[in-house]
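Structure, as structure tokens:
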Amino acid sequence: MSTRVPVRRSRFRSRSDALGSGLIVLGSLQFGGVVVLGKIVTDGGLPVPAYLAVRFAVAALLLGAALAATRQPLAAARGEGWRLVVLGMAGYGLEAGLFFGAVRHGSAATATLLFFTYPVIVTLLAAVTGAGLPGGLVVMALCSSVVGAALVVVAGHGLAISGAGVLFALAAALVFSLYLVGADAVLDRTNSLTGSMWVSAAAAAALAAAAAVSGTGAWPVGLRQWGPVLASGAFTAGAFVCLLGGLRRIGPVRAAIVGATEPLAASVLAVVFLHESLGAAAVVGGTLILAGAVAASLARRSRPPDPPSPQVIA
């Protein structure tokens, strides 16, 4: 029995790591879809703050419906609700506003490139907060993913941004890094679906307030705007669940590295739906991103499983 138990634990960790990495990749695909849909609907005239507020509100409603349908709790675990609200408002809501602020002061490609410095920031934050320096395989995965993301972004579009845009983009990267580290620390007893609903609702409230104050509040008009907005909300709901579920299994550092698949997903979706080209550099960059994601997945670290729902099965 002494030999079987370690083997079983190793197999469990392997499955948990594979599931965590798979959830992060699935979330990245959905976030990539949001990028494409967001470009379509904002180019169509819907103000960015209004789009983001409605997008997160739709995500919160869908997540609430899913919780009700599966008889899972709408309430966060005791002591975690207000922290999730702070994460949603000061984390995801602020990050989204900063990122689109960067886009307004430069090209989306440059803003994305600067934003994807966040895996490096997450790694440094983890070291500073006592999680320790990552191992050699994680460092290799980090370098591969960052270089790959740079190639994908640079290959797709020209680079141009003002000084204010640089500050907005780097601030967005810092805020998202703090969000990942904070979510890893906060989300302890609340399941991922409930936590995602709270974060989405808080982000929606913060962005709705920002839209009202800035005078950019508006509702989508017609199917050509409502269709992409509703789809964005659905993708956001799924991506939040995947991100938080993957985060609690593989930790913030590896989640950030695997999450570099997002610009690759956005580029592929842009080729399919926006008829953009995909050059050789983008293919090389995509290969590096995937290599980094696989390497980060192999650098195993035990994480606690998602808390089970307290529902009673008759």
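Numbering starts fresh at 1 for the residues of each chain in the structure tokens, the chains themselves are lettered A, B, ... in the order given, and ligands are numbered from 1 as they appear.
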* To do: Please provide as an MDAnalysis selection string all residues within 7 Å of stretch 200-204 of chain A, with the sequence filter that same-chain residues fewer than 5 positions apart are discarded (counting only C-alpha atoms).
  => chainID A and resid 53:54 56:57 59:60 85 88:89 92:93
* To do: Figure out the distance between atom CA of A:Thr117 and atom CA of A:Ala239, please, to one decimal in Å.
  => 20.3 Å
* To do: Write out as a count of residues only all residues of stretch 52-234 of chain A that backbone DSSP assigns to alpha helix (DSSP H).
  => 135
* Smallest atom-to-atom distance to A:Ala169: which of A:Leu94, A:Ala75, A:Leu63, A:Val35, using only C-alpha atoms? ->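 The closest residue to A:Ala169 is A:Leu94.
Using only C-alpha atoms, the residues found no farther than 8 Å from A:Gly165, other than those of its own chain fewer than 5 positions away, are A:Gly101, A:Ala102, A:Val103, A:Arg104, A:His105, A:Gly106, A:Ala111.
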Put those residues in a file: N, CA and C atoms, as a PDB file, in the first residue's frame.
ATOM      1  N   GLY A 101      -8.516  52.040 -22.664  1.00  0.00           N
ATOM      2  CA  GLY A 101      -7.896  53.362 -22.664  1.00  0.00           C
ATOM      3  C   GLY A 101      -6.600  53.347 -23.445  1.00  0.00           C
ATOM      4  N   ALA A 102      -5.839  52.257 -23.319  1.00  0.00           N
ATOM      5  CA  ALA A 102      -4.599  52.119 -24.083  1.00  0.00           C
ATOM      6  C   ALA A 102      -4.893  52.025 -25.576  1.00  0.00           C
ATOM      7  N   VAL A 103      -5.963  51.298 -25.928  1.00  0.00           N
ATOM      8  CA  VAL A 103      -6.328  51.157 -27.339  1.00  0.00           C
ATOM      9  C   VAL A 103      -6.693  52.516 -27.943  1.00  0.00           C
ATOM     10  N   ARG A 104      -7.313  53.390 -27.149  1.00  0.00           N
ATOM     11  CA  ARG A 104      -7.686  54.720 -27.639  1.00  0.00           C
ATOM     12  C   ARG A 104      -6.459  55.595 -27.918  1.00  0.00           C
ATOM     13  N   HIS A 105      -5.321  55.264 -27.290  1.00  0.00           N
ATOM     14  CA  HIS A 105      -4.106  56.063 -27.474  1.00  0.00           C
ATOM     15  C   HIS A 105      -3.074  55.358 -28.342  1.00  0.00           C
ATOM     16  N   GLY A 106      -3.472  54.327 -29.048  1.00  0.00           N
ATOM     17  CA  GLY A 106      -2.537  53.626 -29.923  1.00  0.00           C
ATOM     18  C   GLY A 106      -3.221  52.458 -30.585  1.00  0.00           C
ATOM     19  N   ALA A 111      -1.060  47.780 -27.709  1.00  0.00           N
ATOM     20  CA  ALA A 111      -1.643  47.677 -26.375  1.00  0.00           C
ATOM     21  C   ALA A 111      -1.649  46.228 -25.902  1.00  0.00           C
TER      22      ALA A 111
END
* Structure fact -> One residue among A:Gly32, A:Gly27, A:Pro119, A:Gly45 is nearest to A:Val253 when using only C-alpha atoms, and that residue is A:Pro119
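Separating atom CA of A:Gly44 from atom CA of A:Val166 is a distance of 25.7 Å.
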Need to verify the contact set: A:Tyr179, 12 Å, only C-alpha atoms, exclusion of same-chain residues closer than 5 positions in sequence. Can you return it as a PDB file with all heavy atoms, in the first residue's frame?
ATOM      1  N   ARG A  83     -14.761  40.538  -0.826  1.00  0.00           N
ATOM      2  CA  ARG A  83     -13.463  40.451  -1.495  1.00  0.00           C
ATOM      3  C   ARG A  83     -13.635  40.193  -2.993  1.00  0.00           C
ATOM      4  O   ARG A  83     -12.889  40.731  -3.821  1.00  0.00           O
ATOM      5  CB  ARG A  83     -12.630  39.331  -0.864  1.00  0.00           C
ATOM      6  CG  ARG A  83     -12.274  39.590   0.596  1.00  0.00           C
ATOM      7  CD  ARG A  83     -11.638  38.394   1.252  1.00  0.00           C
ATOM      8  NE  ARG A  83     -11.365  38.638   2.666  1.00  0.00           N
ATOM      9  CZ  ARG A  83     -10.980  37.700   3.516  1.00  0.00           C
ATOM     10  NH1 ARG A  83     -10.855  36.442   3.101  1.00  0.00           N
ATOM     11  NH2 ARG A  83     -10.736  38.011   4.778  1.00  0.00           N
ATOM     12  N   LEU A  84     -14.606  39.360  -3.343  1.00  0.00           N
ATOM     13  CA  LEU A  84     -14.890  39.122  -4.756  1.00  0.00           C
ATOM     14  C   LEU A  84     -15.428  40.387  -5.431  1.00  0.00           C
ATOM     15  O   LEU A  84     -15.127  40.642  -6.605  1.00  0.00           O
ATOM     16  CB  LEU A  84     -15.899  37.971  -4.895  1.00  0.00           C
ATOM     17  CG  LEU A  84     -15.357  36.580  -4.566  1.00  0.00           C
ATOM     18  CD1 LEU A  84     -16.501  35.576  -4.462  1.00  0.00           C
ATOM     19  CD2 LEU A  84     -14.349  36.122  -5.598  1.00  0.00           C
ATOM     20  N   VAL A  85     -16.211  41.177  -4.691  1.00  0.00           N
ATOM     21  CA  VAL A  85     -16.700  42.448  -5.231  1.00  0.00           C
ATOM     22  C   VAL A  85     -15.527  43.386  -5.521  1.00  0.00           C
ATOM     23  O   VAL A  85     -15.478  44.036  -6.574  1.00  0.00           O
ATOM     24  CB  VAL A  85     -17.694  43.107  -4.253  1.00  0.00           C
ATOM     25  CG1 VAL A  85     -18.004  44.537  -4.681  1.00  0.00           C
ATOM     26  CG2 VAL A  85     -18.976  42.288  -4.176  1.00  0.00           C
ATOM     27  N   VAL A  86     -14.585  43.453  -4.595  1.00  0.00           N
ATOM     28  CA  VAL A  86     -13.395  44.291  -4.806  1.00  0.00           C
ATOM     29  C   VAL A  86     -12.602  43.790  -6.011  1.00  0.00           C
ATOM     30  O   VAL A  86     -12.139  44.590  -6.841  1.00  0.00           O
ATOM     31  CB  VAL A  86     -12.507  44.303  -3.539  1.00  0.00           C
ATOM     32  CG1 VAL A  86     -11.170  44.986  -3.829  1.00  0.00           C
ATOM     33  CG2 VAL A  86     -13.214  45.011  -2.398  1.00  0.00           C
ATOM     34  N   LEU A  87     -12.468  42.474  -6.137  1.00  0.00           N
ATOM     35  CA  LEU A  87     -11.767  41.913  -7.291  1.00  0.00           C
ATOM     36  C   LEU A  87     -12.463  42.288  -8.599  1.00  0.00           C
ATOM     37  O   LEU A  87     -11.809  42.608  -9.596  1.00  0.00           O
ATOM     38  CB  LEU A  87     -11.686  40.386  -7.171  1.00  0.00           C
ATOM     39  CG  LEU A  87     -10.608  39.802  -6.267  1.00  0.00           C
ATOM     40  CD1 LEU A  87     -10.771  38.284  -6.174  1.00  0.00           C
ATOM     41  CD2 LEU A  87      -9.213  40.145  -6.773  1.00  0.00           C
ATOM     42  N   GLY A  88     -13.791  42.231  -8.597  1.00  0.00           N
ATOM     43  CA  GLY A  88     -14.527  42.562  -9.806  1.00  0.00           C
ATOM     44  C   GLY A  88     -14.440  44.032 -10.173  1.00  0.00           C
ATOM     45  O   GLY A  88     -14.228  44.382 -11.332  1.00  0.00           O
ATOM     46  N   MET A  89     -14.583  44.905  -9.162  1.00  0.00           N
ATOM     47  CA  MET A  89     -14.576  46.345  -9.431  1.00  0.00           C
ATOM     48  C   MET A  89     -13.168  46.880  -9.661  1.00  0.00           C
ATOM     49  O   MET A  89     -12.882  47.509 -10.682  1.00  0.00           O
ATOM     50  CB  MET A  89     -15.233  47.090  -8.263  1.00  0.00           C
ATOM     51  CG  MET A  89     -16.728  46.899  -8.166  1.00  0.00           C
ATOM     52  SD  MET A  89     -17.448  47.936  -6.861  1.00  0.00           S
ATOM     53  CE  MET A  89     -19.200  47.740  -7.191  1.00  0.00           C
ATOM     54  N   ALA A  90     -12.290  46.649  -8.684  1.00  0.00           N
ATOM     55  CA  ALA A  90     -10.942  47.204  -8.752  1.00  0.00           C
ATOM     56  C   ALA A  90     -10.002  46.325  -9.557  1.00  0.00           C
ATOM     57  O   ALA A  90      -8.895  46.754  -9.890  1.00  0.00           O
ATOM     58  CB  ALA A  90     -10.378  47.388  -7.332  1.00  0.00           C
ATOM     59  N   GLY A  91     -10.451  45.107  -9.871  1.00  0.00           N
ATOM     60  CA  GLY A  91      -9.616  44.195 -10.641  1.00  0.00           C
ATOM     61  C   GLY A  91     -10.044  44.138 -12.088  1.00  0.00           C
ATOM     62  O   GLY A  91      -9.510  44.846 -12.941  1.00  0.00           O
ATOM     63  N   TYR A  92     -11.060  43.327 -12.360  1.00  0.00           N
ATOM     64  CA  TYR A  92     -11.429  43.112 -13.756  1.00  0.00           C
ATOM     65  C   TYR A  92     -12.052  44.340 -14.404  1.00  0.00           C
ATOM     66  O   TYR A  92     -11.746  44.669 -15.563  1.00  0.00           O
ATOM     67  CB  TYR A  92     -12.373  41.914 -13.880  1.00  0.00           C
ATOM     68  CG  TYR A  92     -11.944  41.001 -14.989  1.00  0.00           C
ATOM     69  CD1 TYR A  92     -11.221  39.846 -14.728  1.00  0.00           C
ATOM     70  CD2 TYR A  92     -12.210  41.317 -16.313  1.00  0.00           C
ATOM     71  CE1 TYR A  92     -10.801  39.021 -15.749  1.00  0.00           C
ATOM     72  CE2 TYR A  92     -11.790  40.497 -17.340  1.00  0.00           C
ATOM     73  CZ  TYR A  92     -11.091  39.350 -17.053  1.00  0.00           C
ATOM     74  OH  TYR A  92     -10.658  38.551 -18.070  1.00  0.00           O
ATOM     75  N   GLY A  93     -12.927  45.030 -13.684  1.00  0.00           N
ATOM     76  CA  GLY A  93     -13.538  46.214 -14.258  1.00  0.00           C
ATOM     77  C   GLY A  93     -12.511  47.290 -14.577  1.00  0.00           C
ATOM     78  O   GLY A  93     -12.513  47.882 -15.663  1.00  0.00           O
ATOM     79  N   LEU A  94     -11.607  47.555 -13.638  1.00  0.00           N
ATOM     80  CA  LEU A  94     -10.559  48.561 -13.851  1.00  0.00           C
ATOM     81  C   LEU A  94      -9.620  48.139 -14.965  1.00  0.00           C
ATOM     82  O   LEU A  94      -9.231  48.959 -15.812  1.00  0.00           O
ATOM     83  CB  LEU A  94      -9.792  48.776 -12.552  1.00  0.00           C
ATOM     84  CG  LEU A  94      -8.636  49.783 -12.606  1.00  0.00           C
ATOM     85  CD1 LEU A  94      -9.132  51.158 -13.043  1.00  0.00           C
ATOM     86  CD2 LEU A  94      -7.929  49.860 -11.251  1.00  0.00           C
ATOM     87  N   GLU A  95      -9.254  46.862 -14.988  1.00  0.00           N
ATOM     88  CA  GLU A  95      -8.342  46.370 -16.038  1.00  0.00           C
ATOM     89  C   GLU A  95      -8.939  46.556 -17.427  1.00  0.00           C
ATOM     90  O   GLU A  95      -8.254  46.995 -18.366  1.00  0.00           O
ATOM     91  CB  GLU A  95      -8.018  44.892 -15.790  1.00  0.00           C
ATOM     92  CG  GLU A  95      -7.155  44.236 -16.853  1.00  0.00           C
ATOM     93  CD  GLU A  95      -7.967  43.669 -18.008  1.00  0.00           C
ATOM     94  OE1 GLU A  95      -9.062  43.129 -17.750  1.00  0.00           O
ATOM     95  OE2 GLU A  95      -7.511  43.775 -19.165  1.00  0.00           O
ATOM     96  N   ALA A  96     -10.228  46.243 -17.574  1.00  0.00           N
ATOM     97  CA  ALA A  96     -10.881  46.390 -18.880  1.00  0.00           C
ATOM     98  C   ALA A  96     -10.885  47.853 -19.315  1.00  0.00           C
ATOM     99  O   ALA A  96     -10.616  48.172 -20.477  1.00  0.00           O
ATOM    100  CB  ALA A  96     -12.309  45.846 -18.818  1.00  0.00           C
ATOM    101  N   TYR A 118       2.050  40.733 -18.520  1.00  0.00           N
ATOM    102  CA  TYR A 118       1.521  40.345 -17.213  1.00  0.00           C
ATOM    103  C   TYR A 118       2.009  38.985 -16.705  1.00  0.00           C
ATOM    104  O   TYR A 118       2.135  38.810 -15.483  1.00  0.00           O
ATOM    105  CB  TYR A 118      -0.016  40.427 -17.197  1.00  0.00           C
ATOM    106  CG  TYR A 118      -0.769  39.257 -17.764  1.00  0.00           C
ATOM    107  CD1 TYR A 118      -0.968  38.097 -17.020  1.00  0.00           C
ATOM    108  CD2 TYR A 118      -1.321  39.311 -19.039  1.00  0.00           C
ATOM    109  CE1 TYR A 118      -1.678  37.028 -17.541  1.00  0.00           C
ATOM    110  CE2 TYR A 118      -2.038  38.255 -19.554  1.00  0.00           C
ATOM    111  CZ  TYR A 118      -2.205  37.113 -18.807  1.00  0.00           C
ATOM    112  OH  TYR A 118      -2.906  36.049 -19.322  1.00  0.00           O
ATOM    113  N   ILE A 121       4.960  39.888 -14.699  1.00  0.00           N
ATOM    114  CA  ILE A 121       4.580  40.591 -13.465  1.00  0.00           C
ATOM    115  C   ILE A 121       4.025  39.617 -12.436  1.00  0.00           C
ATOM    116  O   ILE A 121       4.337  39.699 -11.242  1.00  0.00           O
ATOM    117  CB  ILE A 121       3.551  41.693 -13.777  1.00  0.00           C
ATOM    118  CG1 ILE A 121       4.143  42.717 -14.752  1.00  0.00           C
ATOM    119  CG2 ILE A 121       3.108  42.394 -12.496  1.00  0.00           C
ATOM    120  CD1 ILE A 121       3.151  43.766 -15.222  1.00  0.00           C
ATOM    121  N   VAL A 122       3.187  38.666 -12.883  1.00  0.00           N
ATOM    122  CA  VAL A 122       2.628  37.669 -11.965  1.00  0.00           C
ATOM    123  C   VAL A 122       3.739  36.841 -11.332  1.00  0.00           C
ATOM    124  O   VAL A 122       3.723  36.562 -10.130  1.00  0.00           O
ATOM    125  CB  VAL A 122       1.633  36.749 -12.707  1.00  0.00           C
ATOM    126  CG1 VAL A 122       1.232  35.575 -11.819  1.00  0.00           C
ATOM    127  CG2 VAL A 122       0.397  37.525 -13.118  1.00  0.00           C
ATOM    128  N   LEU A 125       5.426  38.996  -8.739  1.00  0.00           N
ATOM    129  CA  LEU A 125       4.559  39.155  -7.579  1.00  0.00           C
ATOM    130  C   LEU A 125       4.539  37.887  -6.727  1.00  0.00           C
ATOM    131  O   LEU A 125       4.535  37.959  -5.493  1.00  0.00           O
ATOM    132  CB  LEU A 125       3.139  39.502  -8.023  1.00  0.00           C
ATOM    133  CG  LEU A 125       2.903  40.923  -8.541  1.00  0.00           C
ATOM    134  CD1 LEU A 125       1.476  41.052  -9.068  1.00  0.00           C
ATOM    135  CD2 LEU A 125       3.145  41.946  -7.444  1.00  0.00           C
ATOM    136  N   ALA A 172      -2.842  48.282 -17.008  1.00  0.00           N
ATOM    137  CA  ALA A 172      -3.791  47.182 -17.175  1.00  0.00           C
ATOM    138  C   ALA A 172      -3.130  45.844 -16.870  1.00  0.00           C
ATOM    139  O   ALA A 172      -3.725  44.969 -16.228  1.00  0.00           O
ATOM    140  CB  ALA A 172      -4.347  47.178 -18.597  1.00  0.00           C
ATOM    141  N   ALA A 173      -1.890  45.677 -17.328  1.00  0.00           N
ATOM    142  CA  ALA A 173      -1.153  44.439 -17.059  1.00  0.00           C
ATOM    143  C   ALA A 173      -0.918  44.257 -15.563  1.00  0.00           C
ATOM    144  O   ALA A 173      -1.063  43.154 -15.015  1.00  0.00           O
ATOM    145  CB  ALA A 173       0.183  44.453 -17.808  1.00  0.00           C
ATOM    146  N   LEU A 174      -0.565  45.344 -14.880  1.00  0.00           N
ATOM    147  CA  LEU A 174      -0.325  45.274 -13.431  1.00  0.00           C
ATOM    148  C   LEU A 174      -1.609  44.937 -12.686  1.00  0.00           C
ATOM    149  O   LEU A 174      -1.616  44.078 -11.792  1.00  0.00           O
ATOM    150  CB  LEU A 174       0.253  46.596 -12.937  1.00  0.00           C
ATOM    151  CG  LEU A 174       0.461  46.713 -11.418  1.00  0.00           C
ATOM    152  CD1 LEU A 174       1.421  45.635 -10.924  1.00  0.00           C
ATOM    153  CD2 LEU A 174       0.977  48.103 -11.047  1.00  0.00           C
ATOM    154  N   ASP A 184      -6.443  34.065  -6.534  1.00  0.00           N
ATOM    155  CA  ASP A 184      -5.855  32.827  -6.019  1.00  0.00           C
ATOM    156  C   ASP A 184      -5.895  32.803  -4.496  1.00  0.00           C
ATOM    157  O   ASP A 184      -6.101  31.753  -3.883  1.00  0.00           O
ATOM    158  CB  ASP A 184      -4.421  32.698  -6.527  1.00  0.00           C
ATOM    159  CG  ASP A 184      -3.769  31.390  -6.090  1.00  0.00           C
ATOM    160  OD1 ASP A 184      -4.330  30.322  -6.388  1.00  0.00           O
ATOM    161  OD2 ASP A 184      -2.710  31.441  -5.433  1.00  0.00           O
ATOM    162  N   ALA A 185      -5.721  33.978  -3.884  1.00  0.00           N
ATOM    163  CA  ALA A 185      -5.723  34.054  -2.426  1.00  0.00           C
ATOM    164  C   ALA A 185      -7.136  34.098  -1.854  1.00  0.00           C
ATOM    165  O   ALA A 185      -7.409  33.527  -0.800  1.00  0.00           O
ATOM    166  CB  ALA A 185      -4.947  35.299  -1.981  1.00  0.00           C
ATOM    167  N   VAL A 186      -8.052  34.777  -2.564  1.00  0.00           N
ATOM    168  CA  VAL A 186      -9.398  35.001  -2.043  1.00  0.00           C
ATOM    169  C   VAL A 186     -10.315  33.810  -2.243  1.00  0.00           C
ATOM    170  O   VAL A 186     -11.073  33.430  -1.351  1.00  0.00           O
ATOM    171  CB  VAL A 186     -10.014  36.251  -2.713  1.00  0.00           C
ATOM    172  CG1 VAL A 186     -11.503  36.340  -2.429  1.00  0.00           C
ATOM    173  CG2 VAL A 186      -9.306  37.498  -2.229  1.00  0.00           C
ATOM    174  N   LEU A 187     -10.263  33.209  -3.429  1.00  0.00           N
ATOM    175  CA  LEU A 187     -11.213  32.155  -3.782  1.00  0.00           C
ATOM    176  C   LEU A 187     -10.806  30.852  -3.096  1.00  0.00           C
ATOM    177  O   LEU A 187     -10.082  30.033  -3.657  1.00  0.00           O
ATOM    178  CB  LEU A 187     -11.254  31.968  -5.300  1.00  0.00           C
ATOM    179  CG  LEU A 187     -12.516  31.300  -5.849  1.00  0.00           C
ATOM    180  CD1 LEU A 187     -13.734  32.171  -5.606  1.00  0.00           C
ATOM    181  CD2 LEU A 187     -12.370  31.013  -7.329  1.00  0.00           C
ATOM    182  N   VAL A 199     -17.823  38.285  -9.471  1.00  0.00           N
ATOM    183  CA  VAL A 199     -16.840  39.130 -10.155  1.00  0.00           C
ATOM    184  C   VAL A 199     -17.482  39.834 -11.350  1.00  0.00           C
ATOM    185  O   VAL A 199     -17.268  41.036 -11.575  1.00  0.00           O
ATOM    186  CB  VAL A 199     -15.625  38.294 -10.603  1.00  0.00           C
ATOM    187  CG1 VAL A 199     -14.711  39.101 -11.528  1.00  0.00           C
ATOM    188  CG2 VAL A 199     -14.825  37.819  -9.389  1.00  0.00           C
ATOM    189  N   LEU A 243     -11.287  30.381 -16.114  1.00  0.00           N
ATOM    190  CA  LEU A 243     -10.118  31.033 -15.532  1.00  0.00           C
ATOM    191  C   LEU A 243      -9.992  30.745 -14.043  1.00  0.00           C
ATOM    192  O   LEU A 243      -8.913  30.359 -13.565  1.00  0.00           O
ATOM    193  CB  LEU A 243     -10.209  32.550 -15.767  1.00  0.00           C
ATOM    194  CG  LEU A 243      -9.092  33.400 -15.141  1.00  0.00           C
ATOM    195  CD1 LEU A 243      -7.737  33.017 -15.713  1.00  0.00           C
ATOM    196  CD2 LEU A 243      -9.366  34.883 -15.351  1.00  0.00           C
ATOM    197  N   LEU A 244     -11.089  30.914 -13.307  1.00  0.00           N
ATOM    198  CA  LEU A 244     -11.024  30.681 -11.864  1.00  0.00           C
ATOM    199  C   LEU A 244     -10.842  29.198 -11.548  1.00  0.00           C
ATOM    200  O   LEU A 244     -10.125  28.834 -10.612  1.00  0.00           O
ATOM    201  CB  LEU A 244     -12.282  31.220 -11.186  1.00  0.00           C
ATOM    202  CG  LEU A 244     -12.457  32.745 -11.224  1.00  0.00           C
ATOM    203  CD1 LEU A 244     -13.730  33.155 -10.503  1.00  0.00           C
ATOM    204  CD2 LEU A 244     -11.253  33.447 -10.617  1.00  0.00           C
ATOM    205  N   LEU A 247      -7.235  28.473 -12.378  1.00  0.00           N
ATOM    206  CA  LEU A 247      -6.349  29.182 -11.454  1.00  0.00           C
ATOM    207  C   LEU A 247      -6.183  28.421 -10.150  1.00  0.00           C
ATOM    208  O   LEU A 247      -5.068  28.303  -9.623  1.00  0.00           O
ATOM    209  CB  LEU A 247      -6.927  30.574 -11.186  1.00  0.00           C
ATOM    210  CG  LEU A 247      -6.173  31.478 -10.219  1.00  0.00           C
ATOM    211  CD1 LEU A 247      -4.809  31.844 -10.786  1.00  0.00           C
ATOM    212  CD2 LEU A 247      -6.985  32.740  -9.928  1.00  0.00           C
ATOM    213  N   PRO A 252      -1.407  31.020  -9.961  1.00  0.00           N
ATOM    214  CA  PRO A 252      -1.403  32.213 -10.809  1.00  0.00           C
ATOM    215  C   PRO A 252      -0.261  32.274 -11.820  1.00  0.00           C
ATOM    216  O   PRO A 252      -0.444  32.779 -12.927  1.00  0.00           O
ATOM    217  CB  PRO A 252      -1.306  33.363  -9.800  1.00  0.00           C
ATOM    218  CG  PRO A 252      -0.705  32.760  -8.575  1.00  0.00           C
ATOM    219  CD  PRO A 252      -1.208  31.360  -8.542  1.00  0.00           C
ATOM    220  N   ALA A 256      -1.049  32.293 -15.769  1.00  0.00           N
ATOM    221  CA  ALA A 256      -0.683  33.439 -16.598  1.00  0.00           C
ATOM    222  C   ALA A 256       0.068  32.998 -17.848  1.00  0.00           C
ATOM    223  O   ALA A 256      -0.128  33.533 -18.938  1.00  0.00           O
ATOM    224  CB  ALA A 256       0.169  34.424 -15.792  1.00  0.00           C
TER     225      ALA A 256
END
Wanna dump the stretch 15-122 of chain A-stretch 209-227 of chain A contacts at 7 Å for me, each residue with its shortest atom pair and the distance in Å to one decimal, counting only C-alpha atoms, ordered by chain and number, as a Markdown table?
| residue | atom | partner | partner_atom | distance |
| --- | --- | --- | --- | --- |
| A:Val41 | CA | A:Gln225 | CA | 5.7 |
| A:Leu46 | CA | A:Pro220 | CA | 6.6 |
| A:Pro47 | CA | A:Thr216 | CA | 6.1 |
| A:Pro49 | CA | A:Ala211 | CA | 5.2 |
| A:Ala50 | CA | A:Gly217 | CA | 5.2 |
